[in-house]
Structures are given as structure tokens and as C-alpha cells.
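Asks: Provided herewith is a single structure, encoded as C-alpha cells, for subsequent inquiry.
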Amino acid sequence: MAGAQPKTRFSKLMEILLWLAGLGVLAENIFLFRQNRHLSEALAPQITAGTQLQMLAGIAFDGRLEPVALPAAGSKLLIITFSPGCPACQANQDGWMRLTSRLEQKGVRVLWVSRDPVEITRNYCVKYGIRLSDTLADPPYRTFAQLGLARVPNTLLVGAEGRVEKVWAGRLDQAGWNTMFTYFGERPEMASTLRSQVGADPTGCASELSQTSAKNCK
């Protein structure tokens, strides 16, 4: 009986050491996964003006796969791509809401496309006042790839037959908002009261990807 106590202590010590070793391996794997993900996002292609879009679709809030009607001749479509967990997208939100309000008055259709699942996207839309009828989520790979959803946020102006005419990429600073508003014929003063984003990272964000890892073949 006297030797049982040291043996028990030794067993507990070994168990603790094994747990610590396991936690260390898990932490290292998480670090490597995040590092690889950020690298993949940094290397992902950026959608550019001149890109020809076709057969776009996404999940509507009733669960249906809904096709995107591309503009006819003489009309425009503004597509805003985002992720609810993306800090750069949240930073752009005030400017987006102000811009889309002005453009809708001019008859420009606005479509919000989230790369994340429906429920996460729904919560984001409710929080920021985005109309659910103007939003699609969790798009299929064909749409994900065409819209360059590995890198968000992006603001795309799409013309006749789905050709991208202009791209404003990443998190916009005050000068970027002024340029965008001017492009659409709005006074730069309309954007002058937006909170300053000067010095922000213009390349967008590397937010948590839900189902996009498989889509993006990372």
C-alpha cells in the first residue's frame, strides 16, 4: 500500500503532461491553419473592371437558390460583397448605406452578396438595416469565384450584360468615399461626415470563413 501513493502521483503527472502536449499540438495546428488561410487570401485574385459576369446566384432568406438578373442595356447594378465577420466590411457600412440610398433614388439597383451562411447574414442585415430582399448569401462556387469573394469587401458597378465597369476594393478611407460619390455624380460633401478611415488597410479583411474554405480550395 505504501508504494501505491507515489505511483498514483506519477500517473497523474503523466496525464497532465500528455494533456499539455496535446494542447500544444492543437495550438500549433490552429496557428498554421490561420497562417495558411491569411496567405491564401492575400494571394487570391482581386476582381477587376472588365470582368464578364454570368449565371450568378445565391441563397435567398427563404432558402431558395435565386439567380441574379444582370442589367439590361442602359441600366446598372451595384453589387456589394461582404462578410458579416469582416471588420473592413463593418467599417464601410455607413458609407455603403448612404451611397445606396442615393443610388436607389436614381434607379440603380443594389444587390448585397454575403459569402457567409444565411442565418449569420440575416443577423447582420437586421443590425445594419439592409433589406433582406436585396441580399443573397452563401453563393455557389461559380458565383463565389466570379465575384472574388475570397477577398472582401468590394463594391462593384456592373453594366449591360454583366460586365464590371468599376471596382472599389477593400476598406475605404475618406478620399476613397469622396471619389466614389463623385463618380456617381454626388457631391463629395455627402461623404464628408463619414468617420475617418484614413490609414486603414485598403486590401480588405481576413475574416473567419464559414463554408468558403472548401469553396476557395484553401
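Residue numbering restarts at 1 in every chain; chains get A, B, ... in the order shown in the C-alpha cells, and ligands count up from 1 in that same order.
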When DSSP works through the backbone of this structure, what residues of segment 9-183 of chain A end up as strand (DSSP E or B), shown as JSON, numbers by chain?
Replies: {"A": [52, 57, 58, 59, 65, 66, 67, 77, 78, 79, 80, 81, 82, 109, 110, 111, 112, 113, 114, 135, 136, 137, 152, 154, 155, 156, 157, 158, 163, 164, 165, 166, 167, 168, 169]}
Asks: Point out the residue among A:Met55, A:Val126, A:Leu172, A:Ala150 with the least atom-to-atom distance to Pro67 of chain A, counting only C-alpha atoms.
Replies: A:Met55
Asks: Which is closer to Gly63 of chain A than all the others in A:Trp19, A:Leu136, A:Pro87, A:Trp96, using only C-alpha atoms?
Replies: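 Checking each candidate against Gly63 of chain A, we get A:Leu136 as the closest.
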Asks: Give the alpha helix (DSSP H) residues of segment 54-97 of chain A, as assigned by DSSP on the backbone, as a list in words.
Replies: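 These are the residues in question: Pro87, Ala88, Cys89, Gln90, Ala91, Asn92, Gln93, Asp94, Gly95, Trp96 and Met97 of chain A.
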Asks: Restricting the output to N, CA, C and O atoms, write the selected residues as a compact mmCIF listing (two decimals), in the first residue's frame.
Replies:
```
# COMPACT_ATOMS: atom_id res chain seq x y z
N PRO A 87 -14.17 43.03 -40.26
CA PRO A 87 -14.07 44.39 -39.72
C PRO A 87 -14.07 45.47 -40.79
O PRO A 87 -14.64 46.54 -40.61
N ALA A 88 -13.42 45.22 -41.93
CA ALA A 88 -13.38 46.21 -43.00
C ALA A 88 -14.77 46.43 -43.60
O ALA A 88 -15.13 47.54 -43.99
N CYS A 89 -15.57 45.36 -43.67
CA CYS A 89 -16.94 45.49 -44.16
C CYS A 89 -17.77 46.35 -43.21
O CYS A 89 -18.53 47.22 -43.63
N GLN A 90 -17.62 46.09 -41.92
CA GLN A 90 -18.35 46.88 -40.92
C GLN A 90 -17.93 48.34 -40.98
O GLN A 90 -18.77 49.24 -40.83
N ALA A 91 -16.65 48.60 -41.22
CA ALA A 91 -16.16 49.98 -41.33
C ALA A 91 -16.74 50.68 -42.55
O ALA A 91 -16.95 51.90 -42.54
N ASN A 92 -17.01 49.94 -43.61
CA ASN A 92 -17.59 50.52 -44.83
C ASN A 92 -19.09 50.73 -44.74
O ASN A 92 -19.68 51.41 -45.59
N GLN A 93 -19.73 50.16 -43.73
CA GLN A 93 -21.19 50.06 -43.73
C GLN A 93 -21.89 51.42 -43.78
O GLN A 93 -22.86 51.61 -44.52
N ASP A 94 -21.43 52.39 -43.01
CA ASP A 94 -22.05 53.71 -43.02
C ASP A 94 -22.02 54.33 -44.41
O ASP A 94 -23.02 54.88 -44.89
N GLY A 95 -20.87 54.24 -45.06
CA GLY A 95 -20.73 54.79 -46.41
C GLY A 95 -21.60 54.06 -47.41
O GLY A 95 -22.23 54.68 -48.28
N TRP A 96 -21.64 52.74 -47.31
CA TRP A 96 -22.48 51.95 -48.21
C TRP A 96 -23.94 52.35 -48.10
O TRP A 96 -24.63 52.53 -49.10
N MET A 97 -24.43 52.47 -46.86
CA MET A 97 -25.84 52.79 -46.66
C MET A 97 -26.18 54.16 -47.24
O MET A 97 -27.23 54.35 -47.86
```
Asks: Calculated over only C-alpha atoms, which of the candidates A:Asn178, A:Thr81, A:Ser11, A:Asn123 has the smallest distance to Thr155 of chain A?
Replies: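 That would be A:Thr81, the residue with the smallest distance to Thr155 of chain A.
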Asks: Which residue gives the smallest distance to Val118 of chain A among A:Trp168, A:Phe61, A:Phe144, A:Phe82, with only C-alpha atoms counted?
Replies: A:Phe61
Asks: Could you tell me which of A:Ala137, A:Ala57, A:Leu156, A:Ile16 comes closest to Tyr124 of chain A if we count only C-alpha atoms?
Replies: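 Result for the nearest residue to Tyr124 of chain A: A:Ala137.
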Asks: Could you tell me how far atom CA of Val164 of chain A sits from atom CA of Thr51 of chain A, in Å to one decimal place?
Replies: 5.3 Å
